[in-house]
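Raw contents of target_32.cif, mmCIF, C-alpha atoms:
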data_final
loop_
_atom_site.label_atom_id
_atom_site.label_comp_id
_atom_site.auth_asym_id
_atom_site.auth_seq_id
_atom_site.Cartn_x
_atom_site.Cartn_y
_atom_site.Cartn_z
CA MET A 30 -4.53 -14.00 -55.06
CA ILE A 31 -2.38 -15.54 -57.77
CA THR A 32 -1.79 -18.76 -55.84
CA LEU A 33 -4.05 -19.35 -52.87
CA LEU A 34 -2.34 -20.91 -49.89
CA ARG A 35 -3.18 -24.44 -48.95
CA ARG A 36 -4.95 -23.48 -45.77
CA VAL A 37 -6.73 -20.37 -47.03
CA THR A 38 -10.12 -22.07 -46.79
CA ALA A 39 -10.26 -21.37 -43.05
CA VAL A 40 -9.65 -17.70 -43.66
CA CYS A 41 -12.16 -17.37 -46.45
CA ALA A 42 -14.82 -19.25 -44.48
CA LEU A 43 -14.92 -16.20 -42.27
CA GLY A 44 -15.58 -14.04 -45.30
CA ALA A 45 -18.47 -16.25 -46.35
CA ALA A 46 -19.99 -16.04 -42.87
CA LEU A 47 -19.69 -12.27 -42.83
CA SER A 48 -20.88 -11.50 -46.38
CA ALA A 49 -24.13 -9.64 -47.06
CA LEU A 50 -25.61 -7.12 -49.45
CA ALA A 51 -24.22 -3.60 -49.17
CA SER A 52 -24.60 -0.69 -51.55
CA CYS A 53 -21.58 1.15 -52.90
CA ALA A 54 -21.34 4.83 -53.73
CA PRO A 55 -18.30 6.59 -55.21
CA GLU A 56 -16.62 9.17 -53.02
CA ALA A 57 -12.97 9.98 -53.57
CA THR A 58 -10.89 9.36 -56.66
CA ARG A 59 -7.79 8.11 -54.90
CA ALA A 60 -6.85 6.35 -51.69
CA PRO A 61 -6.22 9.05 -49.09
CA LEU A 62 -2.68 9.64 -47.93
CA PRO A 63 -1.67 11.01 -44.53
CA ALA A 64 -2.45 14.69 -44.24
CA PRO A 65 0.43 17.08 -43.59
CA ASN A 66 0.99 17.98 -39.97
CA ALA A 67 -0.69 21.32 -39.46
CA THR A 68 1.99 22.42 -37.02
CA ALA A 69 4.91 21.51 -39.24
CA THR A 70 6.46 24.29 -41.27
CA SER A 71 9.75 22.79 -42.36
CA SER A 72 9.08 19.68 -44.44
CA PRO A 73 5.92 17.79 -45.47
CA VAL A 74 5.04 14.37 -44.08
CA ALA A 75 6.24 11.64 -46.43
CA GLU A 76 3.63 9.59 -48.23
CA PRO A 77 3.40 5.89 -47.31
CA PRO A 78 5.46 3.56 -49.50
CA THR A 79 3.57 1.79 -52.28
CA LEU A 80 4.66 -0.60 -54.98
CA ALA A 81 5.05 0.50 -58.57
CA PRO A 82 2.18 -0.58 -60.86
CA GLY A 83 2.34 -4.14 -62.07
CA PRO A 84 2.44 -5.34 -65.69
CA ALA A 85 0.32 -3.19 -68.01
CA GLY A 86 -0.11 -0.69 -65.18
CA LEU A 87 -2.28 -2.99 -63.06
CA THR A 88 -2.67 -2.64 -59.30
CA PRO A 89 0.48 -4.13 -57.71
CA VAL A 90 0.22 -7.08 -55.32
CA PHE A 91 2.36 -7.52 -52.21
CA GLU A 92 2.59 -10.89 -50.42
CA HIS A 93 5.67 -10.68 -48.19
CA GLY A 94 8.76 -8.61 -47.52
CA PRO A 95 12.41 -9.39 -48.23
CA ARG A 96 13.77 -12.70 -46.94
CA THR A 97 16.78 -11.08 -45.32
CA ARG A 98 18.69 -11.41 -42.08
CA ASP A 99 16.59 -8.55 -40.74
CA LYS A 100 13.91 -10.87 -39.35
CA THR A 101 10.83 -8.70 -39.64
CA VAL A 102 7.25 -9.94 -39.55
CA ALA A 103 3.95 -8.10 -39.96
CA LEU A 104 0.86 -9.19 -38.06
CA THR A 105 -2.26 -8.08 -39.93
CA PHE A 106 -5.83 -8.22 -38.65
CA ASP A 107 -8.99 -8.21 -40.76
CA ALA A 108 -11.87 -6.34 -39.10
CA ASP A 109 -14.87 -7.70 -41.00
CA MET A 110 -18.48 -6.60 -40.91
CA THR A 111 -21.20 -6.17 -43.54
CA SER A 112 -24.34 -4.09 -43.79
CA ASP A 113 -26.81 -6.78 -42.70
CA GLN A 114 -25.07 -7.43 -39.42
CA GLY A 115 -26.15 -4.31 -37.57
CA PRO A 116 -29.08 -6.10 -35.88
CA ARG A 117 -26.76 -8.91 -34.82
CA ALA A 118 -24.34 -6.41 -33.31
CA ALA A 119 -27.26 -4.67 -31.57
CA SER A 120 -28.31 -8.01 -30.07
CA GLY A 121 -24.85 -8.52 -28.57
CA GLU A 122 -22.75 -10.29 -31.20
CA ARG A 123 -19.20 -8.97 -31.12
CA PHE A 124 -17.64 -8.11 -34.45
CA ASP A 125 -14.94 -6.15 -32.64
CA ASN A 126 -12.23 -7.39 -30.29
CA PRO A 127 -11.09 -4.73 -27.79
CA GLY A 128 -9.12 -7.30 -25.81
CA LEU A 129 -6.98 -8.09 -28.84
CA ILE A 130 -6.19 -4.43 -29.46
CA ALA A 131 -5.37 -4.00 -25.77
CA ALA A 132 -3.03 -6.99 -25.93
CA LEU A 133 -1.18 -5.53 -28.92
CA ARG A 134 -0.75 -2.27 -27.02
CA GLU A 135 0.37 -4.06 -23.88
CA LEU A 136 2.92 -6.09 -25.83
CA LYS A 137 3.93 -3.05 -27.91
CA VAL A 138 3.33 -4.86 -31.20
CA PRO A 139 2.92 -2.69 -34.30
CA ALA A 140 0.18 -4.00 -36.57
CA THR A 141 -1.87 -3.25 -39.67
CA VAL A 142 -5.67 -3.47 -39.35
CA PHE A 143 -7.60 -4.05 -42.58
CA MET A 144 -11.08 -2.65 -41.88
CA THR A 145 -14.28 -2.87 -43.83
CA GLY A 146 -16.14 0.40 -44.03
CA ARG A 147 -19.12 -1.19 -42.31
CA TRP A 148 -16.96 -2.21 -39.34
CA ALA A 149 -15.74 1.37 -38.97
CA GLU A 150 -19.32 2.62 -39.01
CA GLU A 151 -20.40 0.14 -36.34
CA TYR A 152 -17.43 0.85 -34.08
CA PRO A 153 -16.49 4.47 -34.84
CA GLY A 154 -14.77 5.09 -31.52
CA GLN A 155 -12.60 2.02 -31.85
CA ALA A 156 -11.81 2.72 -35.50
CA ARG A 157 -10.79 6.27 -34.64
CA ALA A 158 -8.66 5.16 -31.69
CA ILE A 159 -6.87 2.53 -33.77
CA GLY A 160 -6.36 4.99 -36.61
CA ARG A 161 -4.84 7.62 -34.32
CA ASP A 162 -2.58 5.25 -32.38
CA PRO A 163 0.96 5.38 -33.85
CA LEU A 164 1.35 1.70 -33.00
CA PHE A 165 -1.17 0.80 -35.71
CA GLU A 166 -2.09 1.65 -39.28
CA VAL A 167 -5.53 1.28 -40.85
CA ALA A 168 -5.88 -0.18 -44.34
CA ASN A 169 -8.84 -0.91 -46.60
CA HIS A 170 -10.71 -4.24 -46.70
CA SER A 171 -13.59 -2.95 -48.89
CA TYR A 172 -16.88 -1.53 -47.68
CA SER A 173 -19.13 -4.53 -48.38
CA HIS A 174 -16.75 -7.48 -47.92
CA HIS A 175 -18.12 -8.93 -51.15
CA ALA A 176 -15.77 -10.85 -53.44
CA PHE A 177 -13.97 -9.24 -56.35
CA THR A 178 -14.03 -12.47 -58.36
CA ASP A 179 -16.61 -15.13 -59.09
CA ASP A 180 -16.62 -18.37 -57.10
CA CYS A 181 -14.75 -17.01 -54.07
CA TYR A 182 -15.73 -19.39 -51.27
CA GLY A 183 -19.41 -18.57 -51.50
CA LEU A 184 -19.08 -14.79 -51.11
CA PRO A 185 -21.48 -12.58 -53.05
CA THR A 186 -19.64 -10.71 -55.78
CA VAL A 187 -19.12 -7.04 -56.51
CA ASP A 188 -19.93 -6.08 -60.07
CA GLU A 189 -16.85 -4.97 -61.96
CA LYS A 190 -18.33 -1.51 -62.42
CA ARG A 191 -18.77 -1.17 -58.63
CA MET A 192 -15.37 -2.41 -57.44
CA ARG A 193 -13.71 0.98 -57.39
CA ALA A 194 -16.71 2.55 -55.69
CA ASP A 195 -16.74 -0.14 -53.00
CA VAL A 196 -13.13 0.59 -52.07
CA GLU A 197 -13.64 4.35 -52.17
CA ARG A 198 -16.76 4.07 -50.02
CA ALA A 199 -14.69 2.37 -47.32
CA TYR A 200 -12.21 5.26 -47.35
CA ALA A 201 -15.14 7.67 -47.06
CA SER A 202 -16.39 5.74 -44.01
CA PHE A 203 -12.96 5.98 -42.41
CA ARG A 204 -12.87 9.74 -42.90
CA LYS A 205 -16.39 10.08 -41.54
CA VAL A 206 -15.52 8.38 -38.24
CA GLY A 207 -12.26 10.30 -37.85
CA VAL A 208 -9.62 7.96 -39.29
CA ARG A 209 -7.57 10.61 -41.04
CA ASP A 210 -4.56 8.64 -42.22
CA ALA A 211 -5.88 5.42 -43.74
CA MET A 212 -3.13 3.79 -45.76
CA PRO A 213 -3.20 3.23 -49.54
CA TYR A 214 -3.31 -0.55 -49.04
CA PHE A 215 -6.18 -2.87 -49.91
CA ARG A 216 -6.91 -6.49 -49.02
CA PHE A 217 -9.32 -8.38 -51.24
CA PRO A 218 -12.18 -10.09 -49.38
CA GLY A 219 -11.45 -13.79 -49.33
CA GLY A 220 -8.01 -13.09 -50.79
CA CYS A 221 -9.55 -13.55 -54.24
CA TYR A 222 -8.60 -11.40 -57.21
CA ASP A 223 -7.92 -11.60 -60.92
CA ARG A 224 -6.70 -9.33 -63.69
CA ARG A 225 -10.12 -7.73 -64.03
CA ALA A 226 -10.15 -6.75 -60.34
CA LEU A 227 -6.60 -5.41 -60.46
CA LYS A 228 -7.50 -3.29 -63.48
CA ALA A 229 -10.66 -1.95 -61.83
CA LEU A 230 -8.69 -0.68 -58.83
CA THR A 231 -5.83 0.88 -60.79
CA PRO A 232 -7.34 4.41 -60.61
CA VAL A 233 -7.60 4.18 -56.81
CA GLY A 234 -3.82 4.02 -56.45
CA VAL A 235 -3.67 1.25 -53.84
CA THR A 236 -1.22 -1.59 -53.33
CA ALA A 237 -3.06 -4.89 -52.85
CA VAL A 238 -1.78 -6.72 -49.77
CA GLN A 239 -2.08 -10.48 -49.45
CA TRP A 240 -0.12 -12.74 -47.06
CA ASP A 241 2.18 -15.74 -46.91
CA VAL A 242 1.12 -17.14 -43.51
CA VAL A 243 -2.46 -18.23 -42.80
CA SER A 244 -3.09 -18.33 -39.05
CA GLY A 245 -6.29 -20.35 -39.29
CA ASP A 246 -7.88 -18.34 -36.48
CA ALA A 247 -11.25 -18.11 -38.25
CA PHE A 248 -13.74 -20.11 -36.17
CA ALA A 249 -10.88 -21.82 -34.33
CA THR A 250 -11.34 -22.93 -30.72
CA ASP A 251 -7.83 -24.25 -30.06
CA ALA A 252 -5.48 -21.31 -29.58
CA ARG A 253 -2.43 -23.57 -29.33
CA SER A 254 -3.11 -25.08 -32.75
CA VAL A 255 -3.48 -21.64 -34.33
CA ALA A 256 -0.30 -20.43 -32.64
CA ARG A 257 1.59 -23.43 -33.98
CA GLU A 258 0.40 -22.69 -37.54
CA VAL A 259 1.84 -19.20 -37.25
CA LEU A 260 5.10 -20.21 -35.58
CA ASP A 261 5.69 -22.97 -38.14
CA GLY A 262 4.96 -20.68 -41.08
CA VAL A 263 6.70 -17.42 -40.24
CA ARG A 264 9.87 -16.51 -42.12
CA ALA A 265 11.76 -13.26 -42.45
CA GLY A 266 9.47 -10.75 -44.14
CA SER A 267 6.26 -12.71 -43.54
CA VAL A 268 2.78 -11.20 -43.56
CA VAL A 269 0.46 -13.10 -41.20
CA VAL A 270 -3.31 -12.89 -41.64
CA LEU A 271 -5.44 -12.94 -38.47
CA HIS A 272 -8.81 -11.45 -37.54
CA CYS A 273 -10.16 -8.74 -35.26
CA THR A 274 -13.66 -10.21 -34.94
CA LEU A 275 -14.39 -11.76 -31.55
CA SER A 276 -17.50 -13.75 -32.48
CA ALA A 277 -15.87 -15.44 -35.49
CA ALA A 278 -12.27 -15.62 -34.27
CA PRO A 279 -12.46 -16.01 -30.48
CA THR A 280 -8.92 -17.32 -29.91
CA THR A 281 -6.95 -14.53 -31.58
CA GLU A 282 -6.03 -12.59 -28.44
CA ARG A 283 -4.67 -15.75 -26.81
CA VAL A 284 -2.80 -16.60 -30.00
CA VAL A 285 -1.13 -13.19 -30.06
CA ARG A 286 -0.13 -13.40 -26.40
CA SER A 287 1.45 -16.78 -27.17
CA ILE A 288 3.28 -16.11 -30.43
CA VAL A 289 4.69 -12.66 -29.70
CA PRO A 290 7.18 -13.68 -27.01
CA GLU A 291 8.16 -16.82 -28.93
CA LEU A 292 8.86 -14.95 -32.14
CA ARG A 293 10.79 -12.28 -30.29
CA ALA A 294 12.86 -14.99 -28.64
CA LYS A 295 13.69 -16.24 -32.13
CA GLY A 296 14.94 -12.82 -33.13
CA PHE A 297 11.90 -11.55 -35.04
CA ARG A 298 10.92 -7.88 -34.98
CA PHE A 299 7.29 -6.86 -35.48
CA VAL A 300 6.57 -4.15 -38.05
CA LYS A 301 3.65 -2.69 -39.95
CA VAL A 302 2.98 -3.63 -43.56
CA SER A 303 4.20 -0.21 -44.65
CA GLU A 304 7.70 -0.99 -43.37
CA LEU A 305 7.81 -4.27 -45.28
CA ILE A 306 6.67 -2.56 -48.47
CA GLY A 307 9.28 0.12 -47.99
CA ALA A 308 11.98 -2.50 -47.46
CA ALA A 309 10.82 -4.26 -50.62
CA GLY A 310 11.57 -1.18 -52.67
CA GLY A 311 8.29 0.64 -52.26
CA ARG A 312 8.40 4.13 -53.65
CA ARG A 313 7.64 7.21 -51.55
#

Do you think you could lay out the structure here as structure tokens?
Amino acid sequence: MITLLRRVTAVCALGAALSALASCAPEATRAPLPAPNATATSSPVAEPPTLAPGPAGLTPVFEHGPRTRDKTVALTFDADMTSDQGPRAASGERFDNPGLIAALRELKVPATVFMTGRWAEEYPGQARAIGRDPLFEVANHSYSHHAFTDDCYGLPTVDEKRMRADVERAYASFRKVGVRDAMPYFRFPGGCYDRRALKALTPVGVTAVQWDVVSGDAFATDARSVAREVLDGVRAGSVVVLHCTLSAAPTTERVVRSIVPELRAKGFRFVKVSELIGAAGGRR
């Protein structure tokens, strides 16, 4: 990201712990958009809002929505997993977090889940259920969870020639497990990007989504401390980064159950990233 937040180290430590080698193979040529409703005959389903290309036609970057009196906030959850972690999952390590998803449903909180392709392959039923639940939207967090820049908190790096393929492979994984309407939004592993990465992803047609509030839930054991980080940082239009990975972010469900009623009491309304981008002037 252009300016990393002061506390982003905690977030990116998770990326370093979850990184591993993964091959990338090109699939599609553009981020998939929601398919038209087969039963609709009157008007087509609108495409998700995206930002116009940045300077020189580069991939646009979105960090937060408008700071208006409409106090909206988007909770986003990174579902991280890489190709070497299959044996760890088979031995019982939890890279998913069904309790967190259940809590969001119980509290009726819309959310955007940034999945890696490997996570979707490991948990196809969960990925499909999240993708088909109108409360949520699925976005792209790469296939490999390798960094798109050098020196990104110890993450292995994706070669520039493979960046586009890595993103497109994740979309292919989503389609394979039954996530039909993955959004044209992408979150860089570790939050690290540069002009070269933005240029490489231009043909994919995604909007890169960062954040302005770091929860600090990665490897945290004190849910109250994480909740306070979020409550102290949220402003109108904020994008909060959290994780949907039980083994590496065990407090997140408790954090969500704590912050949701408090933010609602303060007048905040929870929305998906797509609504914030639309409010920011995203085109349709």

Counting all atoms listed in the file, which residues of stretch 215-238 of chain A fall within 9 Å of stretch 83-104 of chain A, and what is the closest atom pair for each with its distance in Å at one decimal, ordered by chain and rising number, as a Markdown table?
| residue | atom | partner | partner_atom | distance |
| --- | --- | --- | --- | --- |
| A:Arg224 | CA | A:Leu87 | CA | 7.8 |
| A:Ala226 | CA | A:Thr88 | CA | 8.6 |
| A:Leu227 | CA | A:Thr88 | CA | 4.9 |
| A:Lys228 | CA | A:Leu87 | CA | 5.2 |
| A:Ala229 | CA | A:Thr88 | CA | 8.4 |
| A:Leu230 | CA | A:Thr88 | CA | 6.3 |
| A:Thr231 | CA | A:Thr88 | CA | 5.0 |
| A:Pro232 | CA | A:Thr88 | CA | 8.6 |
| A:Val233 | CA | A:Thr88 | CA | 8.8 |
| A:Gly234 | CA | A:Thr88 | CA | 7.3 |
| A:Val235 | CA | A:Thr88 | CA | 6.8 |
| A:Thr236 | CA | A:Pro89 | CA | 5.3 |
| A:Ala237 | CA | A:Val90 | CA | 4.7 |
| A:Val238 | CA | A:Phe91 | CA | 4.9 |

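In terms of minimum interatomic distance to A:Arg298, A:Ser267 ranks closest within A:Ser267, A:Gln114, A:Asn126, A:Thr274, counting only C-alpha atoms.
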
A:Ile159, A:Val289, A:Ala75, A:Val300 ranked by distance to A:Ala140, top pick (using all atoms listed in the file):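 Comparing A:Ile159, A:Val289, A:Ala75, A:Val300 against A:Ala140, the winner is A:Val300.
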
The PyMOL selection byres ((chain A and resi 262) around 12) resolved against shown file, as number ranges by chain: A: 34-36, 102, 240-245, 255-261, 263-270, 288, 292

Expected selection from the PyMOL selection byres ((chain A and resi 143) around 9), given as a list in words: Thr105, Phe106, Asp107, Ala108, Asp109, Thr141, Val142, Met144, Thr145, Glu166, Val167, Ala168, Asn169, His170, Ser171, Tyr214, Phe215 and Arg216 of chain A

Polymer residues at most 12 Å from (15.5, -0.6, -49.4) by only C-alpha atoms, as a PDB file with C-alpha atoms, in the frame of the given file:
ATOM      1  CA  PRO A  78       5.460   3.560 -49.500  1.00  0.00           C
ATOM      2  CA  GLY A  94       8.760  -8.610 -47.520  1.00  0.00           C
ATOM      3  CA  PRO A  95      12.410  -9.390 -48.230  1.00  0.00           C
ATOM      4  CA  THR A  97      16.780 -11.080 -45.320  1.00  0.00           C
ATOM      5  CA  ASP A  99      16.590  -8.550 -40.740  1.00  0.00           C
ATOM      6  CA  GLU A 304       7.700  -0.990 -43.370  1.00  0.00           C
ATOM      7  CA  LEU A 305       7.810  -4.270 -45.280  1.00  0.00           C
ATOM      8  CA  ILE A 306       6.670  -2.560 -48.470  1.00  0.00           C
ATOM      9  CA  GLY A 307       9.280   0.120 -47.990  1.00  0.00           C
ATOM     10  CA  ALA A 308      11.980  -2.500 -47.460  1.00  0.00           C
ATOM     11  CA  ALA A 309      10.820  -4.260 -50.620  1.00  0.00           C
ATOM     12  CA  GLY A 310      11.570  -1.180 -52.670  1.00  0.00           C
ATOM     13  CA  GLY A 311       8.290   0.640 -52.260  1.00  0.00           C
ATOM     14  CA  ARG A 312       8.400   4.130 -53.650  1.00  0.00           C
ATOM     15  CA  ARG A 313       7.640   7.210 -51.550  1.00  0.00           C
TER      16      ARG A 313
END

Between atom CA of A:Asp210 and atom CA of A:Ala132 - distance in Å to one decimal: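 The value is 22.6 Å.
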
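Residues surrounding A:Asp188 within 9 Å are Phe177, Thr178, Arg191 and Met192 of chain A [all atoms listed in the file; sequence separation below 3 positions excluded].
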
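By only C-alpha atoms, and with residues fewer than 3 positions from stretch 284-287 of chain A along its chain excluded, the set lying at most 8 Å from it is Leu129, Ala132, Leu133, Leu136, Ala252, Arg253, Val255, Ala256, Thr280, Thr281, Pro290 and Glu291 of chain A.
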
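Rounded to one decimal, atom CA of A:Glu76 and atom CA of A:Asp223 lie 27.3 Å from each other.
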
Which of A:Asp125, A:Ser276, A:Ala194, A:Val302 sits closest to A:Leu80 [using all atoms listed in the file]: A:Val302

Atom pair atom CA of A:Leu271 / atom CA of A:Arg157: separation (Å): 20.3 Å
